[in-house]
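Colleague: query23.txt is reproduced in full below (compact mmCIF, C-alpha atoms).
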# COMPACT_ATOMS: atom_id res chain seq x y z
CA MET D 145 16.35 -6.79 -11.09
CA ALA D 146 16.58 -3.18 -11.96
CA MET D 147 14.78 -0.69 -14.08
CA LEU D 148 15.89 2.66 -15.42
CA THR D 149 13.49 5.36 -16.51
CA ARG D 150 14.18 8.14 -18.99
CA VAL D 151 11.81 11.07 -19.19
CA GLU D 152 11.47 13.41 -22.16
CA ARG D 153 8.98 16.15 -22.80
CA ILE D 154 7.80 16.26 -26.40
CA GLU D 155 5.71 18.95 -28.08
CA ALA D 156 3.30 16.90 -30.15
CA ALA D 157 -0.13 18.37 -30.96
CA VAL D 158 -0.25 18.62 -27.17
CA PRO D 159 2.62 18.42 -24.67
CA VAL D 160 3.43 14.75 -24.04
CA THR D 161 5.73 13.41 -21.38
CA VAL D 162 7.40 10.24 -22.62
CA MET D 163 8.71 7.90 -19.96
CA ALA D 164 10.80 5.01 -21.23
CA LEU D 165 11.02 1.96 -18.96
CA ASP D 166 14.23 0.01 -19.39
CA GLY D 167 14.68 -3.28 -17.54
CA GLU D 168 12.35 -5.28 -15.30
CA LEU D 169 9.26 -3.88 -13.57
CA ASP D 170 8.60 -6.01 -10.50
CA ALA D 171 7.95 -5.96 -6.77
CA SER D 172 11.32 -4.33 -6.10
CA ASN D 173 10.61 -1.13 -8.01
CA TYR D 174 6.92 -0.77 -8.85
CA LEU D 175 6.22 1.69 -6.03
CA GLN D 176 9.07 3.88 -7.30
CA LEU D 177 7.39 4.08 -10.69
CA VAL D 178 4.15 5.27 -9.10
CA ASP D 179 6.06 7.86 -7.09
CA ASP D 180 7.88 9.08 -10.20
CA VAL D 181 4.59 9.54 -12.05
CA ARG D 182 3.06 11.29 -9.06
CA GLN D 183 5.91 13.80 -9.30
CA LEU D 184 5.40 14.23 -13.05
CA TYR D 185 1.71 14.89 -12.46
CA ALA D 186 2.53 17.41 -9.73
CA ASP D 187 4.89 19.12 -12.19
CA GLY D 188 2.14 19.52 -14.74
CA THR D 189 2.22 16.41 -16.94
CA ARG D 190 -1.24 15.61 -18.26
CA ASN D 191 -0.39 13.32 -21.20
CA LEU D 192 1.89 10.44 -20.33
CA LEU D 193 3.23 8.01 -22.88
CA LEU D 194 4.97 4.97 -21.43
CA ASP D 195 7.50 3.58 -23.89
CA LEU D 196 7.85 -0.12 -23.09
CA SER D 197 10.29 -0.96 -25.90
CA ASP D 198 13.09 -1.85 -23.48
CA LEU D 199 10.92 -3.40 -20.78
CA SER D 200 12.09 -7.00 -20.65
CA PHE D 201 9.77 -8.23 -17.89
CA ILE D 202 6.63 -7.22 -16.04
CA ALA D 203 5.41 -8.96 -12.87
CA SER D 204 1.92 -8.75 -11.37
CA SER D 205 3.20 -5.95 -9.13
CA GLY D 206 4.12 -4.07 -12.29
CA LEU D 207 0.55 -4.40 -13.48
CA VAL D 208 -0.63 -2.86 -10.23
CA ALA D 209 1.84 -0.03 -10.90
CA LEU D 210 0.40 0.59 -14.38
CA PHE D 211 -3.11 0.71 -12.97
CA SER D 212 -1.93 3.02 -10.19
CA VAL D 213 -0.26 5.30 -12.72
CA VAL D 214 -3.62 5.71 -14.46
CA LYS D 215 -5.24 6.66 -11.16
CA VAL D 216 -2.51 9.18 -10.38
CA MET D 217 -2.77 10.74 -13.84
CA ASN D 218 -6.50 11.12 -13.29
CA GLY D 219 -5.78 13.04 -10.10
CA GLU D 220 -6.89 10.13 -7.92
CA GLU D 221 -5.14 8.19 -5.21
CA PRO D 222 -3.74 4.85 -6.37
CA PRO D 223 -5.20 1.71 -4.82
CA ASP D 224 -3.49 0.02 -1.92
CA PRO D 225 -1.03 -2.45 -3.46
CA GLU D 226 -2.72 -5.19 -1.43
CA TYR D 227 -5.93 -4.36 -3.24
CA GLY D 228 -4.91 -6.83 -5.93
CA TRP D 229 -7.83 -8.01 -7.98
CA GLY D 230 -9.95 -5.13 -6.77
CA ALA D 231 -7.90 -2.93 -9.03
CA PHE D 232 -8.71 -5.15 -11.96
CA ARG D 233 -12.38 -5.12 -11.09
CA GLU D 234 -12.29 -1.36 -11.46
CA VAL D 235 -10.52 -1.79 -14.76
CA SER D 236 -13.15 -4.14 -16.12
CA ARG D 237 -15.89 -1.81 -14.95
CA GLY D 238 -14.20 1.07 -16.72
CA VAL D 239 -13.90 -0.97 -19.89
CA GLU D 240 -17.55 -2.05 -19.78
CA THR D 241 -18.76 1.51 -19.50
CA GLY D 242 -16.59 2.51 -22.44
CA ALA D 243 -14.52 4.75 -20.22
CA VAL D 244 -11.16 3.93 -21.76
CA GLN D 245 -8.82 6.59 -20.50
CA ARG D 246 -6.33 8.36 -22.74
CA ASN D 247 -4.18 10.21 -20.20
CA VAL D 248 -1.76 7.30 -20.09
CA GLN D 249 -0.96 5.48 -23.31
CA LEU D 250 1.51 2.72 -24.10
CA CYS D 251 3.87 2.12 -26.97
CA GLY D 252 6.39 -0.46 -28.06
CA ALA D 253 5.37 -3.27 -25.72
CA PRO D 254 7.45 -6.37 -26.55
CA PRO D 255 5.37 -9.52 -27.20
CA SER D 256 6.11 -11.03 -23.78
CA VAL D 257 4.95 -7.89 -21.97
CA ALA D 258 1.92 -7.50 -24.23
CA GLU D 259 0.93 -11.08 -23.43
CA VAL D 260 0.98 -10.45 -19.67
CA LEU D 261 -1.19 -7.37 -20.14
CA GLN D 262 -3.59 -9.39 -22.24
CA ARG D 263 -3.72 -12.34 -19.82
CA THR D 264 -4.92 -10.06 -17.06
CA GLY D 265 -7.23 -7.89 -19.15
CA LEU D 266 -5.18 -4.79 -18.40
CA ASP D 267 -4.59 -4.23 -22.10
CA ARG D 268 -8.18 -3.01 -22.33
CA LEU D 269 -7.39 -0.04 -20.13
CA PHE D 270 -4.85 1.41 -22.52
CA VAL D 271 -4.55 2.74 -26.01
CA SER D 272 -1.43 0.95 -27.26
CA HIS D 273 0.76 1.99 -30.17
CA PRO D 274 3.38 -0.09 -31.96
CA ASP D 275 6.11 2.50 -31.49
CA ARG D 276 6.85 5.95 -30.15
CA GLU D 277 6.60 7.73 -33.49
CA SER D 278 3.09 6.50 -34.28
CA ALA D 279 2.05 7.20 -30.70
CA LEU D 280 3.21 10.80 -30.80
CA ALA D 281 1.61 11.30 -34.22
CA SER D 282 -1.75 10.21 -32.78
CA TYR D 283 -2.05 13.07 -30.29
CA MET H 199 11.39 -19.33 -20.84
CA ASP H 200 9.62 -16.00 -20.30
CA ASP H 201 6.75 -17.91 -18.74
CA LEU H 202 8.99 -19.77 -16.31
CA VAL H 203 10.64 -16.52 -15.24
CA GLN H 204 7.17 -15.09 -14.67
CA ALA H 205 6.02 -18.07 -12.60
CA VAL H 206 9.13 -18.13 -10.42
CA ASP H 207 9.05 -14.35 -9.93
CA GLU H 208 5.40 -14.46 -8.83
CA ALA H 209 5.98 -17.46 -6.55
CA VAL H 210 9.05 -15.98 -4.89
CA THR H 211 7.43 -12.56 -4.52
CA ASN H 212 4.46 -14.18 -2.78
CA VAL H 213 6.77 -15.92 -0.32
CA ILE H 214 8.74 -12.74 0.40
CA VAL H 215 5.73 -10.44 0.72
CA HIS H 216 3.04 -12.69 2.19
CA GLY H 217 5.09 -15.56 3.68
CA TYR H 218 8.09 -13.91 5.30
CA ARG H 219 6.30 -10.53 5.33
CA GLY H 220 9.48 -8.64 4.59
CA GLU H 221 11.50 -10.41 7.31
CA PRO H 222 14.70 -12.22 6.30
CA GLY H 223 14.19 -15.80 5.18
CA THR H 224 15.55 -18.39 2.80
CA ILE H 225 14.11 -19.75 -0.43
CA ASP H 226 15.87 -22.74 -1.99
CA LEU H 227 15.35 -23.13 -5.71
CA THR H 228 16.27 -26.13 -7.81
CA ALA H 229 15.67 -26.65 -11.51
CA GLU H 230 15.67 -30.08 -13.15
CA LEU H 231 14.94 -31.45 -16.57
CA ILE H 232 12.86 -34.62 -16.26
CA GLY H 233 12.06 -36.00 -19.68
CA ASP H 234 10.69 -32.98 -21.52
CA ASP H 235 9.57 -31.29 -18.33
CA ILE H 236 11.40 -28.42 -16.68
CA VAL H 237 10.69 -28.86 -12.97
CA ILE H 238 11.32 -25.95 -10.61
CA THR H 239 11.18 -26.67 -6.87
CA LEU H 240 10.97 -23.84 -4.36
CA GLU H 241 11.38 -24.51 -0.65
CA ASP H 242 10.76 -21.94 2.06
CA ARG H 243 10.27 -21.87 5.81
CA ALA H 244 7.40 -19.41 5.85
CA PRO H 245 3.95 -20.22 7.28
CA THR H 246 2.15 -22.88 5.27
CA PHE H 247 0.33 -21.44 2.29
CA ASP H 248 -0.91 -23.40 -0.68
CA PRO H 249 -1.31 -21.13 -3.72
CA THR H 250 -3.14 -23.88 -5.61
CA THR H 251 -6.09 -23.24 -3.28
CA VAL H 252 -6.40 -19.67 -4.49
CA ALA H 253 -9.55 -19.62 -6.56
CA ALA H 254 -9.45 -18.52 -10.14
CA PRO H 255 -10.31 -14.83 -10.26
CA ASP H 256 -14.00 -14.30 -9.78
CA LEU H 257 -14.87 -10.70 -10.44
CA SER H 258 -18.20 -11.10 -8.66
CA ILE H 259 -16.47 -11.51 -5.29
CA PRO H 260 -16.01 -8.21 -3.44
CA PRO H 261 -12.34 -7.19 -3.53
CA GLN H 262 -11.98 -7.21 0.24
CA HIS H 263 -12.80 -10.92 0.25
CA ARG H 264 -10.14 -11.82 -2.25
CA ARG H 265 -6.77 -13.00 -1.14
CA PRO H 266 -3.93 -10.59 -1.85
CA GLY H 267 -1.54 -11.87 -4.47
CA GLY H 268 -4.32 -13.40 -6.52
CA MET H 269 -3.08 -11.72 -9.66
CA GLY H 270 0.32 -13.30 -9.25
CA VAL H 271 -1.19 -16.75 -8.79
CA HIS H 272 -3.36 -16.19 -11.86
CA LEU H 273 -0.25 -15.40 -13.92
CA MET H 274 1.58 -18.39 -12.41
CA ARG H 275 -1.22 -20.73 -13.46
CA LEU H 276 -1.17 -19.49 -17.03
CA ALA H 277 2.60 -19.66 -17.22
CA VAL H 278 3.18 -23.30 -16.24
CA ASP H 279 1.57 -26.68 -16.93
CA SER H 280 1.16 -27.66 -13.29
CA ILE H 281 1.62 -26.29 -9.78
CA ARG H 282 1.94 -28.65 -6.84
CA HIS H 283 2.27 -27.73 -3.19
CA ARG H 284 3.05 -29.70 -0.09
CA PRO H 285 4.04 -28.70 3.42
CA ARG H 286 7.77 -28.86 4.06
CA PRO H 287 8.68 -31.32 6.83
CA GLY H 288 9.73 -29.21 9.79
CA GLY H 289 7.79 -26.20 8.58
CA GLY H 290 7.41 -24.19 5.42
CA ASN H 291 6.36 -24.97 1.90
CA ILE H 292 7.50 -26.94 -1.10
CA LEU H 293 6.17 -25.62 -4.38
CA ILE H 294 6.79 -27.51 -7.60
CA LEU H 295 6.27 -25.76 -10.95
CA THR H 296 6.35 -27.88 -14.08
CA ARG H 297 6.44 -26.72 -17.66
CA SER H 298 7.18 -28.75 -20.77
CA ARG H 299 10.14 -27.48 -22.73
CA VAL H 300 8.18 -28.27 -25.89
CA PRO H 301 6.85 -24.90 -27.04
CA ARG H 302 3.11 -24.45 -26.75
CA ALA H 303 1.07 -24.09 -29.90
CA LYS H 304 0.59 -20.39 -30.36
CA GLU H 305 -2.81 -19.38 -29.09
CA ALA H 306 -5.15 -18.07 -31.70
As structure tokens, how would this structure be written, given the file I've shared?
Modeller:
Amino acid sequence: MAMLTRVERIEAAVPVTVMALDGELDASNYLQLVDDVRQLYADGTRNLLLDLSDLSFIASSGLVALFSVVKVMNGEEPPDPEYGWGAFREVSRGVETGAVQRNVQLCGAPPSVAEVLQRTGLDRLFVSHPDRESALASY
Amino acid sequence: MDDLVQAVDEAVTNVIVHGYRGEPGTIDLTAELIGDDIVITLEDRAPTFDPTTVAAPDLSIPPQHRRPGGMGVHLMRLAVDSIRHRPRPGGGNILILTRSRVPRAKEA
């Protein structure tokens, strides 16, 4: 029940901070992820690419973390973790109005992780790329 | 297998966060193969809570009226074939998750 993160700063067409998640994102560590991204934002990161290639598991708390990361990268406060479905209501509203954000993008999601995102509709919040190379080339 | 891990993780997290509320407590887990069904039984001593009564997500309900943990229950439902709950004699909950070991037809 652990997750490691590796952060790299890449000069694509714009500066991109790539954060690779390695392990399991669950209730034991999801708040840490939000804190880490808050620090990246404070340090100037404006384009965040989450590389999920080595993410073996994502729990519902991890989905809340992903949504919170989007809020943080938009300079907003993340929702209370207890907010639960309220977060997803905001997501669906954002999707309906065509306001798909691009500050946080995903790449390399394994099928099991992609399925969880899809089952909860969270996939619609993100631009997702098959791998890091194609993601970086898209900026 | 991924789905069973998901269901058990969500169930156990709910008990830890909303049942025991971060206080120490025990959760007994057993796994059995009955015919083609993998049957996971979770027993806790937290206040009685039946996740099967959590309504399917209804986005028209204001967020403040939704029960916390609803996302986890939603994922649990999709991950297993059935969820049964009964109060544990002497206090607590017994939650039984069943999933056929026969792979599901891939959804279109």
Colleague: Mind checking which residues fall within 10 Å of H:Pro249, counting all atoms listed in the file, ignoring those fewer than 2 positions away in the same chain, and posting them as a list of chain:residue names?
Modeller: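 Result of the neighbour search: H:Ala209, H:Asn212, H:Thr246, H:Phe247, H:Thr251, H:Val252, H:Ala253, H:Gly267, H:Gly268, H:Gly270, H:Val271, H:His272, H:Met274, H:Arg275, H:Ile281, H:Arg282, H:His283, H:Leu293.
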Colleague: One decimal, Å: what's the distance from atom CA of D:Gly167 over to atom CA of D:Ala186, could you say?
Modeller: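 Computed distance, atom CA of D:Gly167 to atom CA of D:Ala186, equals 25.2 Å.
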Colleague: What does the structure give for the distance between atom CA of D:Glu152 and atom CA of D:Pro255, in Å to one decimal?
Modeller: 24.3 Å
Colleague: Write out as a short mmCIF file (atom, residue, chain, number, x, y, z; two decimals) with C-alpha atoms, in the frame of the given file which residues come within 12 Å of D:Gln176 when counting all atoms listed in the file, dropping same-chain ones fewer than 4 positions away.
Modeller:
data_model
loop_
_atom_site.label_atom_id
_atom_site.label_comp_id
_atom_site.auth_asym_id
_atom_site.auth_seq_id
_atom_site.Cartn_x
_atom_site.Cartn_y
_atom_site.Cartn_z
CA ALA D 146 16.58 -3.18 -11.96
CA MET D 147 14.78 -0.69 -14.08
CA LEU D 148 15.89 2.66 -15.42
CA THR D 149 13.49 5.36 -16.51
CA LEU D 165 11.02 1.96 -18.96
CA LEU D 169 9.26 -3.88 -13.57
CA ASP D 170 8.60 -6.01 -10.50
CA ALA D 171 7.95 -5.96 -6.77
CA SER D 172 11.32 -4.33 -6.10
CA ASP D 180 7.88 9.08 -10.20
CA VAL D 181 4.59 9.54 -12.05
CA ARG D 182 3.06 11.29 -9.06
CA GLN D 183 5.91 13.80 -9.30
CA SER D 205 3.20 -5.95 -9.13
CA GLY D 206 4.12 -4.07 -12.29
CA ALA D 209 1.84 -0.03 -10.90
CA LEU D 210 0.40 0.59 -14.38
CA SER D 212 -1.93 3.02 -10.19
CA VAL D 213 -0.26 5.30 -12.72
#
Colleague: Select, from D:Val260, D:Ile154, D:Val216, D:Leu280, the residue with the minimum atom-to-atom distance to D:Tyr185, counting all atoms listed in the file.
Modeller: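 Going through D:Val260, D:Ile154, D:Val216, D:Leu280 one by one, the smallest distance to D:Tyr185 is for D:Val216.
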Colleague: In file coordinates, which residues lie within 12 Å of (6.2, 0.8, -35.3) using all atoms listed in the file, given as a VMD selection string?
Modeller: chain D and resid 195 197 251 to 254 272 to 281
Colleague: Could you state the separation of atom CA of H:Ile236 and atom CA of H:Ile294 in Å, given to one decimal place?
Modeller: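 Between atom CA of H:Ile236 and atom CA of H:Ile294 the gap works out to 10.2 Å.
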Colleague: With distances taken over only C-alpha atoms, which of H:Arg302, H:His216, H:Arg297, H:Arg284 is nearest to chain D?
Modeller: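 Result for the nearest residue to chain D: H:His216.
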Colleague: Out of H:Asp279, H:Asp201, H:Asp207, H:Glu221, which residue has the shortest atom-to-atom distance to H:Leu240 when counting only C-alpha atoms?
Modeller: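 Checking each of H:Asp279, H:Asp201, H:Asp207, H:Glu221 against H:Leu240, counting only C-alpha atoms, the winner is H:Asp207.
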Colleague: Please define a box with edges along x, y and z of the file around all atoms of stretch 150-168 of chain D given in the file, extend it by 4 Å on each side, and return its centre and edge lengths in Å to one decimal, as JSON.
Modeller:
{"center_x": 7.2, "center_y": 6.8, "center_z": -23.1, "size_x": 22.9, "size_y": 32.2, "size_z": 23.7}
Colleague: Can you tell me, as a ChimeraX atom specification, what residues are no more than 9 Å from D:Gln245 when counting only C-alpha atoms, ignoring any on the same chain fewer than 4 positions away?
Modeller: /D:214,218,238,249,269-271
